[in-house]
file coords.txt (compact mmCIF, C-alpha atoms)
# COMPACT_ATOMS: atom_id res chain seq x y z
CA MET A 1 24.08 -61.54 111.40
CA GLY A 2 26.82 -58.96 110.92
CA THR A 3 29.81 -61.26 111.46
CA THR A 4 32.72 -62.10 109.21
CA TRP A 5 32.63 -65.42 107.40
CA ARG A 6 35.56 -67.21 105.79
CA LEU A 7 35.43 -67.56 102.01
CA LEU A 8 37.31 -70.58 100.66
CA ILE A 9 37.80 -70.67 96.91
CA ASP A 10 39.56 -73.87 95.91
CA ALA A 11 42.61 -73.26 93.74
CA GLY A 12 41.49 -75.79 91.13
CA PRO A 13 39.20 -78.75 90.48
CA ALA A 14 39.67 -81.53 93.03
CA ASP A 15 38.98 -85.21 93.51
CA GLY A 16 35.38 -85.98 94.51
CA ALA A 17 36.31 -87.83 97.68
CA TRP A 18 38.44 -84.87 98.77
CA ASN A 19 35.60 -82.47 98.08
CA MET A 20 33.18 -84.41 100.28
CA ALA A 21 35.74 -85.11 103.02
CA LEU A 22 36.77 -81.46 103.23
CA ASP A 23 33.19 -80.24 103.55
CA ARG A 24 32.71 -82.57 106.53
CA ALA A 25 36.09 -81.60 108.02
CA ILE A 26 35.05 -77.95 107.95
CA GLN A 27 31.80 -78.86 109.71
CA LEU A 28 33.71 -80.75 112.43
CA ALA A 29 36.06 -77.79 112.86
CA ARG A 30 33.19 -75.28 113.08
CA GLN A 31 31.36 -77.43 115.63
CA ALA A 32 34.57 -77.41 117.70
CA ASP A 33 34.72 -73.61 117.34
CA GLU A 34 38.12 -73.86 115.62
CA VAL A 35 37.11 -71.93 112.49
CA PRO A 36 34.59 -69.21 111.58
CA PRO A 37 31.41 -69.87 109.60
CA THR A 38 32.52 -70.73 106.09
CA LEU A 39 31.38 -70.46 102.49
CA ARG A 40 33.43 -72.77 100.24
CA LEU A 41 33.36 -72.83 96.42
CA TYR A 42 34.84 -75.73 94.49
CA ARG A 43 34.93 -77.78 91.31
CA TRP A 44 35.43 -81.42 90.31
CA ALA A 45 38.52 -82.88 88.64
CA ARG A 46 36.43 -85.62 86.98
CA PRO A 47 32.71 -86.23 86.55
CA THR A 48 31.59 -87.66 89.89
CA VAL A 49 28.41 -89.20 91.22
CA THR A 50 27.75 -88.38 94.85
CA LEU A 51 25.35 -90.71 96.63
CA GLY A 52 23.18 -89.55 99.52
CA HIS A 53 24.20 -90.65 103.02
CA PHE A 54 21.72 -93.54 103.15
CA GLN A 55 21.55 -94.31 99.42
CA SER A 56 22.61 -97.70 98.07
CA VAL A 57 25.17 -97.83 95.29
CA VAL A 58 22.89 -100.28 93.46
CA ASP A 59 20.73 -97.25 92.59
CA ILE A 60 23.23 -96.31 89.91
CA ASP A 61 24.92 -98.10 87.02
CA ALA A 62 28.45 -98.55 88.35
CA ASP A 63 29.57 -100.23 85.11
CA ILE A 64 28.66 -97.18 83.04
CA CYS A 65 30.46 -95.01 85.59
CA ALA A 66 33.58 -97.17 85.27
CA LEU A 67 33.43 -97.17 81.46
CA GLN A 68 33.04 -93.40 81.28
CA GLY A 69 35.59 -92.55 83.96
CA ILE A 70 32.98 -91.28 86.42
CA ASP A 71 33.96 -91.46 90.09
CA ILE A 72 31.47 -92.52 92.77
CA VAL A 73 31.66 -91.13 96.28
CA ARG A 74 29.34 -90.81 99.24
CA ARG A 75 28.09 -87.59 100.76
CA PHE A 76 27.53 -87.04 104.46
CA THR A 77 24.36 -85.19 103.49
CA GLY A 78 20.96 -86.63 102.67
CA GLY A 79 19.07 -86.91 99.41
CA ARG A 80 19.63 -88.86 96.22
CA GLY A 81 22.40 -89.24 93.64
CA VAL A 82 23.87 -86.24 91.84
CA LEU A 83 26.20 -86.27 88.83
CA HIS A 84 28.67 -83.41 89.23
CA ASP A 85 30.51 -82.25 86.14
CA ASP A 86 30.32 -78.79 84.57
CA GLU A 87 29.31 -76.89 87.69
CA LEU A 88 30.46 -74.77 90.58
CA THR A 89 29.62 -76.32 93.92
CA TYR A 90 29.04 -74.32 97.08
CA SER A 91 29.12 -75.46 100.69
CA VAL A 92 28.04 -73.51 103.74
CA VAL A 93 29.04 -74.45 107.27
CA ALA A 94 27.57 -72.41 110.12
CA ARG A 95 26.07 -72.78 113.58
CA THR A 96 22.71 -71.66 114.88
CA THR A 97 24.67 -69.05 116.85
CA ASP A 98 25.84 -67.73 113.47
CA GLY A 99 22.20 -66.96 112.65
CA ILE A 100 21.12 -70.20 110.95
CA PRO A 101 17.60 -71.31 111.97
CA ARG A 102 17.56 -74.78 113.57
CA GLY A 103 14.67 -76.20 111.59
CA THR A 104 15.39 -78.04 108.36
CA VAL A 105 12.86 -76.15 106.24
CA ALA A 106 13.68 -72.78 107.85
CA SER A 107 17.43 -73.19 107.35
CA TYR A 108 16.94 -74.27 103.73
CA ARG A 109 14.73 -71.23 103.19
CA LEU A 110 17.44 -68.85 104.41
CA LEU A 111 20.39 -70.44 102.62
CA CYS A 112 18.46 -71.08 99.40
CA SER A 113 17.37 -67.43 99.45
CA ALA A 114 21.07 -66.58 99.26
CA LEU A 115 21.34 -68.93 96.29
CA ALA A 116 18.32 -67.33 94.62
CA GLU A 117 20.00 -63.95 95.03
CA THR A 118 23.13 -65.44 93.47
CA TYR A 119 21.13 -66.46 90.40
CA ARG A 120 19.52 -63.02 90.22
CA VAL A 121 22.99 -61.44 90.17
CA LEU A 122 23.72 -63.73 87.24
CA GLY A 123 20.49 -62.61 85.54
CA VAL A 124 18.36 -65.69 86.25
CA ASP A 125 14.96 -65.41 87.94
CA ALA A 126 15.31 -68.35 90.30
CA GLN A 127 12.60 -69.11 92.85
CA LEU A 128 12.53 -71.28 95.96
CA THR A 129 10.53 -74.41 95.17
CA ALA A 130 7.12 -73.83 96.81
CA ARG A 131 5.90 -77.43 96.97
CA PRO A 132 7.62 -80.75 96.40
CA ARG A 133 7.09 -82.37 92.99
CA GLY A 134 8.51 -85.16 90.87
CA GLU A 135 9.66 -88.69 91.64
CA ARG A 136 10.85 -89.09 95.22
CA SER A 137 11.75 -92.71 94.55
CA SER A 138 14.05 -91.84 91.67
CA ALA A 139 17.76 -92.46 92.19
CA ALA A 140 18.44 -89.15 90.44
CA CYS A 141 18.20 -86.16 92.73
CA TYR A 142 17.33 -83.85 89.86
CA LEU A 143 14.06 -85.70 89.18
CA HIS A 144 12.69 -84.68 92.57
CA ALA A 145 12.23 -81.04 93.60
CA THR A 146 11.80 -80.13 97.28
CA HIS A 147 11.94 -77.11 99.57
CA ALA A 148 15.72 -77.54 99.38
CA ASP A 149 15.81 -76.64 95.70
CA LEU A 150 15.56 -73.68 93.36
CA SER A 151 13.35 -73.64 90.31
CA PHE A 152 13.41 -71.74 87.03
CA GLY A 153 9.80 -71.78 85.94
CA LEU A 154 8.78 -75.40 86.50
CA ALA A 155 12.29 -76.77 86.01
CA LYS A 156 14.66 -77.64 88.83
CA LEU A 157 17.67 -75.36 88.63
CA SER A 158 19.75 -76.13 91.69
CA GLY A 159 19.57 -78.80 94.37
CA SER A 160 21.02 -78.75 97.87
CA ALA A 161 21.42 -81.19 100.76
CA GLN A 162 22.21 -80.91 104.47
CA VAL A 163 23.67 -82.70 107.45
CA TRP A 164 23.47 -81.40 111.00
CA LEU A 165 26.12 -82.05 113.63
CA GLY A 166 24.91 -80.66 116.95
CA ASP A 167 23.94 -77.08 116.12
CA THR A 168 26.20 -76.89 113.06
CA VAL A 169 24.78 -77.33 109.58
CA LEU A 170 26.64 -78.32 106.43
CA GLN A 171 24.64 -77.49 103.32
CA HIS A 172 26.04 -77.96 99.86
CA GLY A 173 24.69 -77.88 96.34
CA SER A 174 25.36 -77.28 92.67
CA LEU A 175 25.22 -74.34 90.30
CA THR A 176 25.14 -76.30 87.07
CA ARG A 177 26.53 -74.63 83.92
CA THR A 178 25.66 -77.38 81.45
CA ARG A 179 24.35 -80.95 81.70
CA ASP A 180 24.82 -83.99 79.45
CA ILE A 181 21.37 -85.57 79.74
CA SER A 182 22.37 -88.80 77.98
CA VAL A 183 25.26 -89.50 80.37
CA GLU A 184 23.12 -88.70 83.40
CA ALA A 185 20.30 -90.93 82.13
CA GLY A 186 22.77 -93.80 81.76
CA VAL A 187 24.21 -93.36 85.24
CA PHE A 188 20.78 -93.35 86.86
CA ARG A 189 19.33 -96.08 84.60
CA LEU A 190 16.55 -93.85 83.29
CA ASN A 191 14.30 -95.24 80.59
CA GLU A 192 13.13 -93.15 77.63
CA GLN A 193 10.36 -91.53 79.65
CA GLY A 194 12.67 -90.78 82.58
CA THR A 195 15.24 -89.28 80.25
CA ALA A 196 12.58 -87.05 78.68
CA GLU A 197 11.45 -85.96 82.15
CA LEU A 198 15.02 -85.22 83.21
CA SER A 199 15.39 -83.04 80.14
CA ALA A 200 12.05 -81.28 80.64
CA ARG A 201 12.16 -80.83 84.41
CA THR A 202 15.69 -79.52 84.84
CA ALA A 203 17.44 -76.35 83.75
CA THR A 204 21.05 -75.24 83.72
CA LEU A 205 22.62 -71.81 83.66
CA ALA A 206 23.17 -72.29 79.92
CA ASP A 207 19.46 -73.07 79.47
CA ALA A 208 18.45 -69.95 81.38
CA LEU A 209 20.98 -67.54 79.89
CA GLY A 210 21.63 -68.92 76.43
CA GLU A 211 25.24 -69.65 77.27
CA PRO A 212 26.94 -70.56 80.55
CA PRO A 213 28.63 -67.80 82.54
CA GLY A 214 32.32 -68.20 83.34
CA PHE A 215 33.37 -69.71 86.65
CA ASP A 216 34.77 -66.39 87.87
CA ALA A 217 31.41 -64.72 87.28
CA ILE A 218 29.62 -67.47 89.27
CA VAL A 219 32.12 -67.14 92.11
CA GLU A 220 31.62 -63.37 92.24
CA SER A 221 27.82 -63.77 92.13
CA ILE A 222 27.63 -66.31 94.92
CA HIS A 223 29.92 -64.17 97.04
CA LYS A 224 27.56 -61.21 96.57
CA GLY A 225 24.42 -63.32 96.94
CA PHE A 226 25.43 -64.72 100.30
CA GLU A 227 26.78 -61.44 101.68
CA ARG A 228 23.59 -59.56 100.76
CA THR A 229 21.15 -62.21 101.98
CA LEU A 230 22.92 -63.20 105.19
CA GLY A 231 24.10 -59.70 106.04
CA VAL A 232 27.66 -60.88 106.58
CA GLY A 233 31.06 -60.07 105.14
CA CYS A 234 33.02 -62.92 103.53
CA GLU A 235 36.83 -62.66 103.62
CA LYS A 236 39.03 -64.97 101.61
CA GLY A 237 40.90 -67.48 103.75
CA ASP A 238 42.53 -70.91 103.69
CA ILE A 239 41.80 -74.27 105.27
CA THR A 240 43.65 -74.97 108.49
CA THR A 241 46.11 -77.79 109.04
CA GLY A 242 43.52 -79.34 111.37
CA GLU A 243 40.88 -79.32 108.64
CA ARG A 244 43.35 -80.83 106.16
CA SER A 245 44.21 -83.63 108.60
CA ARG A 246 40.56 -84.33 109.33
CA ALA A 247 39.72 -84.40 105.62
CA GLU A 248 42.53 -86.86 104.90
CA ALA A 249 41.25 -89.11 107.69
CA LEU A 250 37.73 -89.00 106.24
CA LEU A 251 38.71 -89.97 102.69
CA ALA A 252 38.18 -93.69 103.28
CA GLU A 253 34.70 -93.00 104.64
CA VAL A 254 33.48 -91.29 101.47
CA SER A 255 35.34 -93.33 98.87
CA ILE A 256 33.46 -96.18 97.20
CA GLN A 257 35.76 -98.81 95.78
CA ARG A 258 35.06 -101.17 92.90
CA THR A 259 34.84 -104.16 95.25
CA GLU A 260 32.08 -102.40 97.12
CA HIS A 261 30.06 -102.07 93.92
CA VAL A 262 30.07 -105.86 93.73
CA SER A 263 29.21 -106.46 97.39
CA ALA A 264 26.42 -103.91 97.16
CA GLY A 265 24.97 -105.93 94.32
CA LEU A 266 24.74 -108.88 96.72
CA GLY A 267 22.58 -106.93 99.07
CA SER A 268 24.77 -105.07 101.54
CA ARG A 269 24.08 -101.41 102.14
CA LEU A 270 27.04 -99.09 101.95
CA GLY A 271 27.66 -96.20 104.30
CA MET B 1 2.40 -76.32 120.90
CA ALA B 2 1.79 -78.22 124.16
CA HIS B 3 3.52 -81.56 124.58
CA PRO B 4 2.03 -84.51 126.53
CA SER B 5 2.65 -84.26 130.26
CA ASP B 6 3.00 -88.05 130.78
CA ARG B 7 6.68 -88.14 129.79
CA SER B 8 10.07 -86.47 130.10
CA TYR B 9 11.93 -84.51 127.42
CA SER B 10 15.54 -83.73 126.55
CA LYS B 11 16.96 -80.49 125.15
CA ASP B 12 17.89 -82.57 122.09
CA HIS B 13 14.13 -83.01 121.52
CA GLU B 14 13.70 -86.67 122.48
CA TRP B 15 10.86 -87.80 124.74
CA LEU B 16 11.04 -90.71 127.19
CA THR B 17 8.49 -92.75 129.13
CA ILE B 18 9.47 -95.35 131.72
CA ASP B 19 7.78 -98.66 132.55
CA GLY B 20 9.69 -100.55 135.21
CA ASP B 21 13.29 -100.35 134.09
CA VAL B 22 12.50 -100.03 130.37
CA ALA B 23 12.36 -96.59 128.76
CA THR B 24 10.61 -95.89 125.46
CA ILE B 25 12.21 -93.11 123.40
CA GLY B 26 11.06 -91.05 120.43
CA ILE B 27 11.30 -87.51 119.13
CA SER B 28 8.95 -84.70 120.08
CA ASP B 29 6.19 -83.23 117.98
CA PHE B 30 8.22 -80.02 117.87
CA ALA B 31 11.22 -81.95 116.50
CA GLN B 32 9.26 -83.70 113.75
CA ASP B 33 7.72 -80.38 112.76
CA GLN B 34 11.18 -78.79 112.53
CA LEU B 35 12.55 -81.71 110.52
CA GLY B 36 9.77 -81.84 107.94
CA GLU B 37 8.83 -85.00 106.05
CA VAL B 38 10.86 -87.90 107.47
CA VAL B 39 12.06 -90.33 104.78
CA TYR B 40 14.52 -92.58 106.64
CA VAL B 41 15.33 -93.51 110.23
CA ASP B 42 18.57 -95.34 111.04
CA LEU B 43 18.32 -97.03 114.46
CA PRO B 44 20.69 -99.20 116.53
CA SER B 45 20.25 -102.95 116.99
CA GLU B 46 18.88 -104.81 119.97
CA GLY B 47 21.67 -105.34 122.47
CA ASP B 48 23.53 -102.18 121.54
CA GLY B 49 24.54 -99.85 124.33
CA LEU B 50 23.37 -96.25 124.52
CA ILE B 51 25.42 -93.51 126.12
CA SER B 52 23.62 -90.43 127.33
CA GLY B 53 24.42 -87.39 125.19
CA GLU B 54 25.81 -89.42 122.28
CA ALA B 55 24.17 -90.23 118.94
CA PHE B 56 22.18 -93.49 118.82
CA GLY B 57 20.92 -93.10 115.26
CA GLU B 58 20.22 -90.74 112.40
CA ILE B 59 17.11 -89.39 110.75
CA GLU B 60 16.71 -88.00 107.22
CA SER B 61 14.12 -85.47 106.14
CA VAL B 62 14.01 -83.16 103.10
CA LYS B 63 17.54 -84.22 102.07
CA SER B 64 18.79 -83.33 105.56
CA VAL B 65 20.48 -85.79 107.94
CA SER B 66 20.37 -85.21 111.71
CA GLU B 67 21.65 -87.21 114.66
CA LEU B 68 19.36 -88.75 117.28
CA ILE B 69 20.88 -88.07 120.70
CA ALA B 70 20.39 -90.52 123.57
CA PRO B 71 18.73 -88.91 126.59
CA VAL B 72 19.87 -91.74 128.89
CA SER B 73 22.41 -94.55 129.02
CA GLY B 74 21.30 -98.17 128.81
CA GLU B 75 20.88 -101.23 126.58
CA VAL B 76 18.57 -101.36 123.56
CA VAL B 77 15.97 -104.10 124.08
CA GLU B 78 13.59 -103.33 121.20
CA ILE B 79 13.47 -101.15 118.10
CA ASN B 80 10.42 -99.97 116.18
CA ASP B 81 10.89 -102.02 113.00
CA SER B 82 7.77 -100.54 111.40
CA LEU B 83 9.63 -97.26 110.83
CA GLY B 84 11.70 -99.01 108.17
CA ASP B 85 8.70 -99.27 105.86
CA ALA B 86 6.80 -96.27 107.19
CA PRO B 87 9.18 -93.55 108.41
CA GLU B 88 6.40 -91.01 107.94
CA THR B 89 4.84 -92.42 111.13
CA VAL B 90 7.34 -90.20 112.98
CA ASN B 91 5.52 -87.19 111.50
CA GLN B 92 2.03 -88.59 111.86
CA ASP B 93 2.22 -89.85 115.46
CA PRO B 94 5.54 -88.83 117.05
CA HIS B 95 4.42 -89.51 120.63
CA GLY B 96 2.68 -92.83 119.86
CA ALA B 97 3.25 -95.19 116.93
CA GLY B 98 6.34 -93.19 115.93
CA TRP B 99 8.35 -94.34 118.99
CA MET B 100 11.89 -95.41 118.06
CA ILE B 101 13.59 -97.61 120.67
CA LYS B 102 13.09 -99.24 124.05
CA VAL B 103 16.06 -99.20 126.39
CA ARG B 104 16.74 -100.99 129.66
CA VAL B 105 17.84 -98.25 132.02
CA PRO B 106 19.77 -99.56 135.05
CA ASP B 107 19.83 -96.19 136.77
CA ASP B 108 16.57 -94.25 136.49
CA SER B 109 17.97 -91.31 138.45
CA GLN B 110 19.37 -90.05 135.12
CA ILE B 111 15.78 -89.30 134.12
CA ASP B 112 15.47 -86.79 136.95
CA SER B 113 17.57 -84.27 135.03
CA MET B 114 15.22 -84.34 132.02
CA LEU B 115 12.56 -81.69 131.43
CA SER B 116 8.86 -81.83 132.22
CA ALA B 117 6.41 -81.02 129.42
CA ASP B 118 5.97 -77.47 130.77
CA GLU B 119 9.73 -76.98 131.02
CA TYR B 120 10.21 -78.36 127.49
CA ASP B 121 7.50 -76.11 126.06
CA ALA B 122 9.22 -73.13 127.71
CA PHE B 123 12.61 -74.30 126.38
CA ILE B 124 11.48 -74.49 122.75
CA THR B 125 9.74 -71.14 123.04
CA GLU B 126 12.96 -69.51 124.26
CA SER B 127 15.36 -71.23 121.85
call {"tool": "encode", "arguments": {"input": "coords.txt", "output": "structure tokens"}}
result
Amino acid sequence: MGTTWRLLIDAGPADGAWNMALDRAIQLARQADEVPPTLRLYRWARPTVTLGHFQSVVDIDADICALQGIDIVRRFTGGRGVLHDDELTYSVVARTTDGIPRGTVASYRLLCSALAETYRVLGVDAQLTARPRGERSSAACYLHATHADLSFGLAKLSGSAQVWLGDTVLQHGSLTRTRDISVEAGVFRLNEQGTAELSARTATLADALGEPPGFDAIVESIHKGFERTLGVGCEKGDITTGERSRAEALLAEVSIQRTEHVSAGLGSRLG
Amino acid sequence: MAHPSDRSYSKDHEWLTIDGDVATIGISDFAQDQLGEVVYVDLPSEGDGLISGEAFGEIESVKSVSELIAPVSGEVVEINDSLGDAPETVNQDPHGAGWMIKVRVPDDSQIDSMLSADEYDAFITES
């Protein structure tokens, strides 16, 4: 590819709705050719469940989320629910003219190869998931492994999701440091068997390395992983005023209010 | 990959057949292959208007959401309800049972600018 990408490293953990709105704002700006292809790295101010674009909020236990101070927001990307907490999240926004293959599987393969290289830099032998496995019907994304995911042995290590806008892809996903299985099981209403499967079929960086690496080490690794795999240089930059304005305008679209939890229970689909 | 020659194609990978003033629209075999396993199709409602070049729905596959782009302008007169329960039909039979919407097209001259099967095959080979 040989071009220069923008590297955005958020100054600190942010609200979940802002995180999702900003990812989409960057995609809109890239599609309009206002910004270069971008790799963004960010964290979460509070534990947050993100629902897939078409997923109903009734898939999760909103009462448990409220009791435990867990936010619920909607992604623009596909897939199932993800509980974000002790993780670094990446997002990539690029066009096919930036070297991203148009096909869903092909683009996942390229971008997830960069993620696999990131894990190797961290000392984890991550592999692209060769064939889908697990429960597609589960509300919990981490109980279903696809071509979009990385595995560590037979356990799902990192999941990603995409949305395309014209020829511009937004792909984002998690590099999970640690996971609280009991909280996640409550959020996704997993029974004893589901909880055991979540524990057995998923792995975190702490599981793979014995202890979780620091956030700075993950940032440095993902920077290297993407530069090496994509053959690009990433230079630190900032969001534009246009992206900030777009993100602010999108906040209402991704936020899920308490009243919507109730209406969803009566049968309406959100999003 | 040769596409059926009995229909027209758009560069956004939709196909279209016309019967009188009603066009049937779906996505090409190439498109479904690029998308991978389709798990959800979000379509407009009967009576909705379509504007050529703008999104008329969305499709999800392998945790990836993509827009469906209207190849022509017109009014939706029928949607393929069966895709709600069986979205995988889009993969299994994209040019037949996997059709998505039927649209009343008041001006069929807009179809003239679409691609023939040979032109579409050449387009996807080049792109």
call {"tool": "closest_atom_pairs", "arguments": {"input": "coords.txt", "of": "chain B", "to": "chain A", "cutoff": "12 Å", "atoms": "only C-alpha atoms", "output": "CSV"}}
result
residue,atom,partner,partner_atom,distance
B:Lys11,CA,A:Gly166,CA,11.4
B:Asp12,CA,A:Gly166,CA,8.9
B:His13,CA,A:Gly166,CA,11.9
B:Phe30,CA,A:Gly103,CA,9.8
B:Ala31,CA,A:Gly103,CA,8.3
B:Gln32,CA,A:Gly103,CA,9.5
B:Asp33,CA,A:Gly103,CA,8.2
B:Gln34,CA,A:Gly103,CA,4.4
B:Leu35,CA,A:Thr104,CA,5.1
B:Gly36,CA,A:Val105,CA,6.7
B:Glu37,CA,A:Val105,CA,9.7
B:Val38,CA,A:Thr104,CA,10.9
B:Val39,CA,A:Gly79,CA,9.5
B:Tyr40,CA,A:Phe54,CA,8.1
B:Val41,CA,A:Phe54,CA,9.5
B:Asp42,CA,A:Phe54,CA,8.7
B:Gly53,CA,A:Gly166,CA,10.7
B:Glu54,CA,A:Gly166,CA,10.3
B:Ala55,CA,A:Gly166,CA,9.8
B:Glu58,CA,A:Phe54,CA,9.8
B:Ile59,CA,A:Gly78,CA,9.4
B:Glu60,CA,A:Gly78,CA,6.4
B:Ser61,CA,A:Gly78,CA,7.8
B:Val62,CA,A:Thr146,CA,6.9
B:Lys63,CA,A:Gly79,CA,4.1
B:Ser64,CA,A:Gln162,CA,4.3
B:Val65,CA,A:Val163,CA,4.5
B:Ser66,CA,A:Trp164,CA,5.0
B:Glu67,CA,A:Leu165,CA,6.9
B:Leu68,CA,A:Gly166,CA,9.8
B:Ile69,CA,A:Gly166,CA,9.2
B:Ile124,CA,A:Arg102,CA,11.0
B:Ser127,CA,A:Arg102,CA,9.3
call {"tool": "closest_residue", "arguments": {"input": "coords.txt", "among": "A:Val187, A:Ala249, A:Asp10, A:Asp23", "to": "A:Ala66", "atoms": "only C-alpha atoms"}}
result
A:Val187
call {"tool": "residues_around", "arguments": {"input": "coords.txt", "residues": "stretch 13-16 of chain A", "least_positions_apart": "6", "cutoff": "7 Å", "atoms": "all atoms listed in the file", "output": "ChimeraX atom specification"}}
result
/A:42-45,48,73
call {"tool": "atom_distance", "arguments": {"input": "coords.txt", "atom1": "atom CA of A:Ala200", "atom2": "atom CA of A:Phe152"}}
result
11.6 Å
call {"tool": "residues_around", "arguments": {"input": "coords.txt", "residues": "stretch 77-87 of chain B", "least_positions_apart": "2", "cutoff": "6 Å", "atoms": "all atoms listed in the file", "output": "list in words"}}
result
Val38, Val39, Tyr40, Glu46, Thr89, Val90, Met100, Ile101, Lys102 and Val103 of chain B
call {"tool": "residues_around", "arguments": {"input": "coords.txt", "residues": "B:Gly96", "least_positions_apart": "2", "cutoff": "12 Å", "atoms": "all atoms listed in the file", "output": "ChimeraX atom specification"}}
result
/B:4,6-7,15-17,24-29,80,89-94,98-101
call {"tool": "closest_residue", "arguments": {"input": "coords.txt", "among": "B:Val76, B:Ala97, B:Ala122, B:Ala70", "to": "B:Ser10", "atoms": "all atoms listed in the file"}}
result
B:Ala70
call {"tool": "residues_around", "arguments": {"input": "coords.txt", "residues": "A:Gln127", "least_positions_apart": "3", "cutoff": "8 Å", "atoms": "all atoms listed in the file", "output": "PyMOL selection string"}}
result
chain A and resi 116+150-153
call {"tool": "closest_residue", "arguments": {"input": "coords.txt", "among": "A:Ser255, A:Glu87, A:Leu154, A:Leu115", "to": "A:Ala206", "atoms": "only C-alpha atoms"}}
result
A:Glu87
call {"tool": "atom_distance", "arguments": {"input": "coords.txt", "atom1": "atom CA of A:Pro47", "atom2": "atom CA of A:Arg109"}}
result
28.7 Å
call {"tool": "atom_distance", "arguments": {"input": "coords.txt", "atom1": "atom CA of A:Arg189", "atom2": "atom CA of A:Ile60"}}
result
6.6 Å
call {"tool": "residues_around", "arguments": {"input": "coords.txt", "residues": "B:Pro106", "least_positions_apart": "2", "cutoff": "9 Å", "atoms": "all atoms listed in the file", "output": "count of residues only"}}
result
7
call {"tool": "axis_aligned_box", "arguments": {"input": "coords.txt", "around": "stretch 72-76 of chain A", "padding_each_side": "6 Å", "output": "JSON"}}
result
{"center_x": 29.6, "center_y": -89.8, "center_z": 98.6, "size_x": 16.1, "size_y": 17.5, "size_z": 23.7}
